[in-house]
Amino acid sequence: MKIKSILFSFFCLFALPALAELEIDINGAMREAMPIAMPKMITNTNAFGQLFGIGSYASKIRNVVTADLERSGLFRIIDESSYIEDLTSIDERPNFNDWRAIKAQALVQSALSETEDGKLKVEFRLWDAFAGEQLQGQSYTTTKENWRRIAHIIADDIYERLTGDKGYFDTRVVYVSESGPATKRVKRLAIMDQDGENHKFLTSGAAMALTPRFSPNMQKVTYISFAGSAPKVYILDIESGRQELLGNFPGMTFAPVFSPDSSKVLLSFAAKGNTEIYEMDLKKKSTRQLTRHPAIDTSPSYSPDGQKIVFNSDRGGNQQLYVMDADGSNVERISFGKGRYATPVWSPRGDYIAFTKMAGGEFYIGVMHPDGTGERIIASGYLVEGPTWSPNGRVLMYFKQDRSSGSRSAPVKLYTIDVTGYNERMVVTPAEASDPAWSPLLP
C-alpha cells in the first residue's frame, strides 16, 4: 500500500476551553466500556454529490472509526436510534442535555467535504458530554483512496485523548498465510491493516517463508526463506518490494529481529550442532557472537532502549527465559514457573515481556516484568503461540489453533487480546494464519 501524504491542522470552537477530566484508566483491571456517541458525518453536498460523490465516504469513514474504538474493548458506541439531537454543522455547539440523556460520556462531532482539487477534508471535534467542553478538534485533508487510513488516524486521536496512551489503529500486520494439506503446506508472507483490511501477499509461496518481524521505525520486514539448500534471512522493503539477503551463513539461521533503531539484526545461527545468538550490523555487514554456551540459545528480542536482550535457552535443563546485556554479558534467568517458556518479546513500553508457555499439554500466552516478577497468563488453548505487541504496548496478537475434532486439523487463526487478559477477538484473514508481527504506527 503506497503511503499517501496527509495534511492536517488543529482548530477549536468558541476559543480554547479548559480541558475536561474525562479519561479512561486503562492500567488496572478491565472496566466497563466508555459509552460514546458518534452521529453520522455531516456532509454539505447536493443530492448528486450525496449519491455519487463523497456521501459514501462519510459512512465508510465513520464505520471504520467506530469499529476501531469498539474493537479495543474500551469503548461502546451508542446506537444511533437513541440519538435525540440532529447535528447539522461542524460549527454548531451540541445540546449536551440531549447527549447526557442517552448516557453518552463522550461525543464525536464530524464533517466531510470535498476540496477544489477533489480531495477529502475530514473534520472532527471530541467533546466531554458531561462537562460540555471540547477535548480535541482536528482537520485532515487527503486523497480519496486514502479514506481508510484517515479513519484509523481519527480513531487513534480519540483513543489517545481519552486513554492517555498512543493509539494503534493506523498500523499494519505482516504474518504467515498458510494453505494446503499438512504434508504439503504452503506458507507465504502476507500483509494487512490491523483490522484485516487491505490484504495482500508479499511472497509467492514457491519457497516457505517464516518468522516475519517488522522494523521498529521503517516499513521493512526481516524473515526466513527456505529458497535454496538452507534457510536464509532476508530483509524485504514493503513499499518497493525489494528484497535483500542478510548475509550468507553456511548453516541454519533463524529468529531474526531488528534492533530498536533498525541498525542491527539479532538472529540465531546453528553451527557444529550448537545454536548461538549473533548480532549483525546492517551498515557494516559485520557480525558478533553474543552467547557462548553449549545449550540452544534462540528467540532474542531487544528491550525498547536497546540495552538488554531477552531470549530463551535450555541451558538450565529445559526452555526458560533469560535476560542479558546487549553485549552478551550478565546473563540472568527470569522465568521459574512450571513448564517451558519460549518466543519472548519485549513490550514497546518496556514494562512487560510477553512469551509462549507450554505446560501440562496446553499452550499459554503470558506476560511478566523484565525481572521475572508478576507473571500472568492472558490466553490459553490447545495451541497458542507467537505473541507480538501493538506499538503502544496495550494489545497482543498471536496465533491459535483449537484441538481437532475429526480427521481434519482445526484451522490456525490470528487473535488479539488486551494486556489485562480481556477482550480476545479473532482477526479475519483469507486463509489460515500464523506468526504475526505488528508494525509501528505508519509514518
# chains A, B, ... in the order shown; residues from 1 in each chain; ligands from 1
$ residues_around --residues "region 282-286 of chain A" --least-positions-apart "3" --cutoff "8 Å" --atoms "only C-alpha atoms" --output "MDAnalysis selection string"
chainID A and resid 247 263:265
$ write_last_selection --atoms "N, CA and C atoms" --output "PDB file, in the first residue's frame"
ATOM      1  N   GLY A 247      23.344 -11.514   4.644  1.00  0.00           N
ATOM      2  CA  GLY A 247      24.479 -12.391   4.876  1.00  0.00           C
ATOM      3  C   GLY A 247      24.244 -13.769   4.287  1.00  0.00           C
ATOM      4  N   SER A 263      19.210  -0.516  13.098  1.00  0.00           N
ATOM      5  CA  SER A 263      20.555  -0.547  12.527  1.00  0.00           C
ATOM      6  C   SER A 263      21.187  -1.931  12.609  1.00  0.00           C
ATOM      7  N   LYS A 264      20.605  -2.799  13.437  1.00  0.00           N
ATOM      8  CA  LYS A 264      21.157  -4.133  13.641  1.00  0.00           C
ATOM      9  C   LYS A 264      20.030  -5.165  13.598  1.00  0.00           C
ATOM     10  N   VAL A 265      20.443  -6.409  13.429  1.00  0.00           N
ATOM     11  CA  VAL A 265      19.512  -7.529  13.476  1.00  0.00           C
ATOM     12  C   VAL A 265      20.104  -8.611  14.365  1.00  0.00           C
TER      13      VAL A 265
END
$ select_by_dssp --residues "region 34-102 of chain A" --states "alpha helix (DSSP H)" --output "PDB file with C-alpha atoms, in the first residue's frame"
ATOM      1  CA  ALA A  47     -28.247  15.330  -3.978  1.00  0.00           C
ATOM      2  CA  PHE A  48     -25.988  14.277  -6.865  1.00  0.00           C
ATOM      3  CA  GLY A  49     -22.933  14.544  -4.633  1.00  0.00           C
ATOM      4  CA  GLN A  50     -24.590  12.524  -1.887  1.00  0.00           C
ATOM      5  CA  LEU A  51     -25.334   9.683  -4.269  1.00  0.00           C
ATOM      6  CA  PHE A  52     -22.237   9.575  -6.443  1.00  0.00           C
ATOM      7  CA  GLY A  55     -21.537  10.814   0.595  1.00  0.00           C
ATOM      8  CA  SER A  56     -20.412   7.179   0.558  1.00  0.00           C
ATOM      9  CA  TYR A  57     -17.055   8.114   2.099  1.00  0.00           C
ATOM     10  CA  ALA A  58     -18.792   9.678   5.091  1.00  0.00           C
ATOM     11  CA  SER A  59     -20.461   6.441   6.170  1.00  0.00           C
ATOM     12  CA  LYS A  60     -17.360   4.365   5.421  1.00  0.00           C
ATOM     13  CA  ILE A  61     -15.065   6.609   7.461  1.00  0.00           C
ATOM     14  CA  ARG A  62     -17.466   6.672  10.399  1.00  0.00           C
ATOM     15  CA  ASN A  63     -17.858   2.884  10.296  1.00  0.00           C
ATOM     16  CA  VAL A  64     -14.100   2.314  10.453  1.00  0.00           C
ATOM     17  CA  VAL A  65     -13.643   4.803  13.322  1.00  0.00           C
ATOM     18  CA  THR A  66     -16.401   3.225  15.414  1.00  0.00           C
ATOM     19  CA  ALA A  67     -15.224  -0.315  14.611  1.00  0.00           C
ATOM     20  CA  ASP A  68     -11.669   0.531  15.712  1.00  0.00           C
ATOM     21  CA  LEU A  69     -12.846   2.008  19.000  1.00  0.00           C
ATOM     22  CA  GLU A  70     -15.239  -0.818  19.795  1.00  0.00           C
ATOM     23  CA  ARG A  71     -12.694  -3.492  18.922  1.00  0.00           C
ATOM     24  CA  PHE A  96     -25.307  18.432  25.766  1.00  0.00           C
ATOM     25  CA  ASN A  97     -28.505  17.794  27.716  1.00  0.00           C
ATOM     26  CA  ASP A  98     -29.641  15.621  24.802  1.00  0.00           C
ATOM     27  CA  TRP A  99     -26.398  13.618  24.837  1.00  0.00           C
ATOM     28  CA  ARG A 100     -26.318  13.275  28.614  1.00  0.00           C
ATOM     29  CA  ALA A 101     -29.882  11.959  28.434  1.00  0.00           C
TER      30      ALA A 101
END
$ closest_residue --among "A:Lys232, A:Arg340, A:Arg376, A:Lys187" --to "Lys357 (chain A)" --atoms "only C-alpha atoms"
A:Arg340
$ residues_around --residues "Asp117 (chain A)" --least-positions-apart "5" --cutoff "12 Å" --atoms "only C-alpha atoms" --output "list in words"
Thr141, Thr142, Thr143 and Lys144 of chain A
$ select_by_dssp --residues "region 158-365 of chain A" --states "strand (DSSP E or B)" --output "mmCIF file with C-alpha atoms, in the first residue's frame"
data_model
loop_
_atom_site.group_PDB
_atom_site.id
_atom_site.type_symbol
_atom_site.label_atom_id
_atom_site.label_comp_id
_atom_site.auth_asym_id
_atom_site.auth_seq_id
_atom_site.Cartn_x
_atom_site.Cartn_y
_atom_site.Cartn_z
ATOM 1 C CA ARG A 172 -0.292 -2.992 9.671
ATOM 2 C CA VAL A 173 0.393 -6.633 10.439
ATOM 3 C CA VAL A 174 2.591 -8.986 8.459
ATOM 4 C CA TYR A 175 2.032 -12.700 9.017
ATOM 5 C CA VAL A 176 2.447 -16.164 7.510
ATOM 6 C CA SER A 177 -0.525 -17.188 5.361
ATOM 7 C CA GLU A 178 -0.982 -20.969 5.380
ATOM 8 C CA SER A 179 -2.842 -23.179 2.920
ATOM 9 C CA VAL A 186 2.226 -23.547 1.526
ATOM 10 C CA LYS A 187 3.470 -20.731 3.745
ATOM 11 C CA ARG A 188 3.891 -17.235 2.325
ATOM 12 C CA LEU A 189 4.110 -13.736 3.716
ATOM 13 C CA ALA A 190 1.008 -11.556 3.715
ATOM 14 C CA ILE A 191 0.268 -8.069 4.990
ATOM 15 C CA MET A 192 -2.915 -6.273 6.038
ATOM 16 C CA ASP A 193 -4.178 -3.370 8.108
ATOM 17 C CA LYS A 200 -2.142 -8.588 0.010
ATOM 18 C CA PHE A 201 0.537 -11.264 -0.343
ATOM 19 C CA ALA A 209 8.531 -18.124 4.464
ATOM 20 C CA LEU A 210 8.627 -17.983 8.266
ATOM 21 C CA THR A 211 9.061 -15.669 11.287
ATOM 22 C CA PRO A 212 8.460 -12.202 9.781
ATOM 23 C CA ARG A 213 9.443 -9.328 12.062
ATOM 24 C CA PHE A 214 8.817 -5.618 11.478
ATOM 25 C CA LYS A 220 10.736 -3.213 6.328
ATOM 26 C CA VAL A 221 10.407 -6.836 7.396
ATOM 27 C CA THR A 222 13.025 -9.440 8.142
ATOM 28 C CA TYR A 223 12.068 -13.087 7.671
ATOM 29 C CA ILE A 224 13.303 -16.590 6.903
ATOM 30 C CA SER A 225 13.065 -18.034 3.389
ATOM 31 C CA LYS A 232 18.342 -17.793 4.891
ATOM 32 C CA VAL A 233 17.454 -14.426 6.399
ATOM 33 C CA TYR A 234 16.096 -11.718 4.106
ATOM 34 C CA ILE A 235 15.012 -8.109 4.536
ATOM 35 C CA LEU A 236 12.009 -7.055 2.488
ATOM 36 C CA ASP A 237 11.100 -3.423 1.777
ATOM 37 C CA GLN A 243 14.470 -7.971 -1.151
ATOM 38 C CA GLU A 244 17.980 -8.216 0.295
ATOM 39 C CA LEU A 245 19.818 -11.288 1.533
ATOM 40 C CA MET A 252 20.907 -22.650 9.518
ATOM 41 C CA THR A 253 19.855 -19.138 10.526
ATOM 42 C CA PHE A 254 16.530 -18.298 12.145
ATOM 43 C CA ALA A 255 14.615 -15.993 14.538
ATOM 44 C CA PRO A 256 15.785 -12.634 13.059
ATOM 45 C CA VAL A 257 14.672 -9.436 14.780
ATOM 46 C CA PHE A 258 15.566 -5.739 14.356
ATOM 47 C CA LYS A 264 21.157 -4.133 13.641
ATOM 48 C CA VAL A 265 19.512 -7.529 13.476
ATOM 49 C CA LEU A 266 19.666 -10.274 16.070
ATOM 50 C CA LEU A 267 19.480 -13.856 14.834
ATOM 51 C CA SER A 268 20.234 -17.403 15.864
ATOM 52 C CA PHE A 269 22.835 -19.371 13.966
ATOM 53 C CA ALA A 270 23.355 -23.119 14.201
ATOM 54 C CA ALA A 271 26.895 -24.371 13.593
ATOM 55 C CA ASN A 274 25.260 -25.693 18.583
ATOM 56 C CA THR A 275 22.907 -22.706 18.333
ATOM 57 C CA GLU A 276 24.065 -19.264 19.479
ATOM 58 C CA ILE A 277 22.761 -15.701 19.182
ATOM 59 C CA TYR A 278 24.536 -13.237 16.909
ATOM 60 C CA GLU A 279 24.148 -9.546 16.203
ATOM 61 C CA MET A 280 24.653 -8.186 12.688
ATOM 62 C CA ASP A 281 25.375 -4.545 11.909
ATOM 63 C CA SER A 286 29.693 -7.317 10.363
ATOM 64 C CA THR A 287 28.562 -9.871 12.959
ATOM 65 C CA ARG A 288 29.471 -10.575 16.543
ATOM 66 C CA GLN A 289 28.594 -13.580 18.678
ATOM 67 C CA ASP A 297 20.103 -20.085 22.676
ATOM 68 C CA THR A 298 17.455 -18.547 20.424
ATOM 69 C CA SER A 299 14.405 -16.226 20.014
ATOM 70 C CA PRO A 300 16.164 -12.977 21.031
ATOM 71 C CA SER A 301 14.314 -9.675 21.489
ATOM 72 C CA TYR A 302 15.730 -6.251 22.357
ATOM 73 C CA LYS A 308 19.053 -5.532 27.117
ATOM 74 C CA ILE A 309 18.126 -8.687 25.237
ATOM 75 C CA VAL A 310 15.682 -11.380 26.326
ATOM 76 C CA PHE A 311 15.984 -14.866 24.824
ATOM 77 C CA ASN A 312 15.111 -18.468 25.561
ATOM 78 C CA SER A 313 17.632 -21.185 26.301
ATOM 79 C CA GLN A 320 13.456 -20.877 30.066
ATOM 80 C CA LEU A 321 13.740 -17.134 29.595
ATOM 81 C CA TYR A 322 16.961 -15.228 30.177
ATOM 82 C CA VAL A 323 17.945 -11.556 30.030
ATOM 83 C CA MET A 324 21.434 -10.298 29.197
ATOM 84 C CA ASP A 325 23.109 -7.011 28.403
ATOM 85 C CA GLU A 332 20.247 -13.887 34.251
ATOM 86 C CA ARG A 333 17.369 -16.337 34.243
ATOM 87 C CA ARG A 340 8.748 -24.458 29.188
ATOM 88 C CA TYR A 341 8.991 -20.838 28.035
ATOM 89 C CA ALA A 342 9.656 -19.610 24.503
ATOM 90 C CA THR A 343 9.281 -16.738 21.950
ATOM 91 C CA PRO A 344 9.836 -13.838 24.380
ATOM 92 C CA VAL A 345 9.000 -10.361 23.051
ATOM 93 C CA TRP A 346 9.764 -7.140 24.920
ATOM 94 C CA ILE A 353 7.921 -9.337 28.297
ATOM 95 C CA ALA A 354 5.333 -11.479 26.500
ATOM 96 C CA PHE A 355 6.027 -15.183 25.983
ATOM 97 C CA THR A 356 4.657 -18.563 24.961
ATOM 98 C CA LYS A 357 4.445 -21.167 27.712
ATOM 99 C CA MET A 358 3.967 -24.924 27.395
ATOM 100 C CA ALA A 359 2.807 -26.886 30.454
ATOM 101 C CA GLU A 362 -1.527 -26.928 26.898
ATOM 102 C CA PHE A 363 -0.089 -23.727 25.445
ATOM 103 C CA TYR A 364 -0.346 -20.300 27.041
ATOM 104 C CA ILE A 365 0.379 -16.666 26.200
#
$ closest_residue --among "A:Ile90, A:Ala230, A:Val122, A:Ile158" --to "Phe249 (chain A)" --atoms "only C-alpha atoms"
A:Ala230
$ residues_around --residues "Ser81 (chain A)" --least-positions-apart "4" --cutoff "12 Å" --atoms "only C-alpha atoms" --output "list of chain:residue names"
A:Ala37, A:Met38, A:Pro39, A:Lys40, A:Ile77, A:Glu85, A:Asp86, A:Ile102
$ write_last_selection --atoms "N, CA and C atoms" --output "tab-separated table (two decimals), in the first residue's frame"
chain	number	residue	atom	x	y	z
A	37	ALA	N	-21.00	8.61	21.78
A	37	ALA	CA	-21.93	8.88	20.68
A	37	ALA	C	-21.15	9.43	19.50
A	38	MET	N	-21.39	8.88	18.33
A	38	MET	CA	-20.78	9.40	17.12
A	38	MET	C	-21.85	9.45	16.03
A	39	PRO	N	-22.55	10.60	15.90
A	39	PRO	CA	-23.58	10.73	14.85
A	39	PRO	C	-22.97	10.62	13.46
A	40	LYS	N	-23.83	10.47	12.46
A	40	LYS	CA	-23.37	10.43	11.08
A	40	LYS	C	-22.57	11.68	10.74
A	77	ILE	N	-20.00	2.20	21.35
A	77	ILE	CA	-20.66	3.20	20.53
A	77	ILE	C	-22.18	3.09	20.75
A	85	GLU	N	-30.59	14.67	19.38
A	85	GLU	CA	-30.23	15.84	18.58
A	85	GLU	C	-29.71	15.43	17.21
A	86	ASP	N	-30.05	16.20	16.19
A	86	ASP	CA	-29.56	16.00	14.84
A	86	ASP	C	-28.60	17.14	14.51
A	102	ILE	N	-28.86	10.28	26.98
A	102	ILE	CA	-28.67	8.91	26.50
A	102	ILE	C	-27.39	8.29	27.08
$ residues_around --residues "Phe399 (chain A)" --least-positions-apart "3" --cutoff "8 Å" --atoms "only C-alpha atoms" --output "number ranges by chain"
A: 384-387, 412-415, 433-436
$ write_last_selection --atoms "C-alpha atoms" --output "PDB file, in the first residue's frame"
ATOM      1  CA  VAL A 384      -1.491 -20.526  21.221  1.00  0.00           C
ATOM      2  CA  GLU A 385       1.860 -19.126  20.196  1.00  0.00           C
ATOM      3  CA  GLY A 386       3.896 -16.284  18.736  1.00  0.00           C
ATOM      4  CA  PRO A 387       2.859 -13.105  20.609  1.00  0.00           C
ATOM      5  CA  VAL A 412      -4.947 -21.749  12.561  1.00  0.00           C
ATOM      6  CA  LYS A 413      -6.172 -18.182  13.107  1.00  0.00           C
ATOM      7  CA  LEU A 414      -4.922 -14.831  14.441  1.00  0.00           C
ATOM      8  CA  TYR A 415      -6.316 -13.310  17.623  1.00  0.00           C
ATOM      9  CA  ALA A 433      -2.693 -17.520   9.502  1.00  0.00           C
ATOM     10  CA  SER A 434       0.221 -17.761  11.918  1.00  0.00           C
ATOM     11  CA  ASP A 435       3.243 -15.912  13.293  1.00  0.00           C
ATOM     12  CA  PRO A 436       2.030 -12.287  13.172  1.00  0.00           C
TER      13      PRO A 436
END
$ atom_distance --atom1 "CA of Ala410 (chain A)" --atom2 "CA of Gly205 (chain A)"
21.5 Å
$ atom_distance --atom1 "CA of Thr420 (chain A)" --atom2 "CA of Gln307 (chain A)"
26.5 Å
$ closest_residue --among "A:His199, A:Arg292, A:Arg403, A:Arg394" --to "Thr429 (chain A)" --atoms "only C-alpha atoms"
A:His199
$ closest_residue --among "A:Leu112, A:Leu383, A:Val395, A:Val331" --to "Asp371 (chain A)" --atoms "only C-alpha atoms"
A:Val331
$ residues_around --residues "Glu375 (chain A)" --least-positions-apart "4" --cutoff "7 Å" --atoms "only C-alpha atoms" --output "list in words"
Gly366, Val367 and Met368 of chain A
$ write_last_selection --atoms "C-alpha atoms" --output "PDB file, in the first residue's frame"
ATOM      1  CA  GLY A 366       1.624 -14.768  29.225  1.00  0.00           C
ATOM      2  CA  VAL A 367       3.425 -11.636  30.339  1.00  0.00           C
ATOM      3  CA  MET A 368       5.945 -10.927  33.096  1.00  0.00           C
TER       4      MET A 368
END
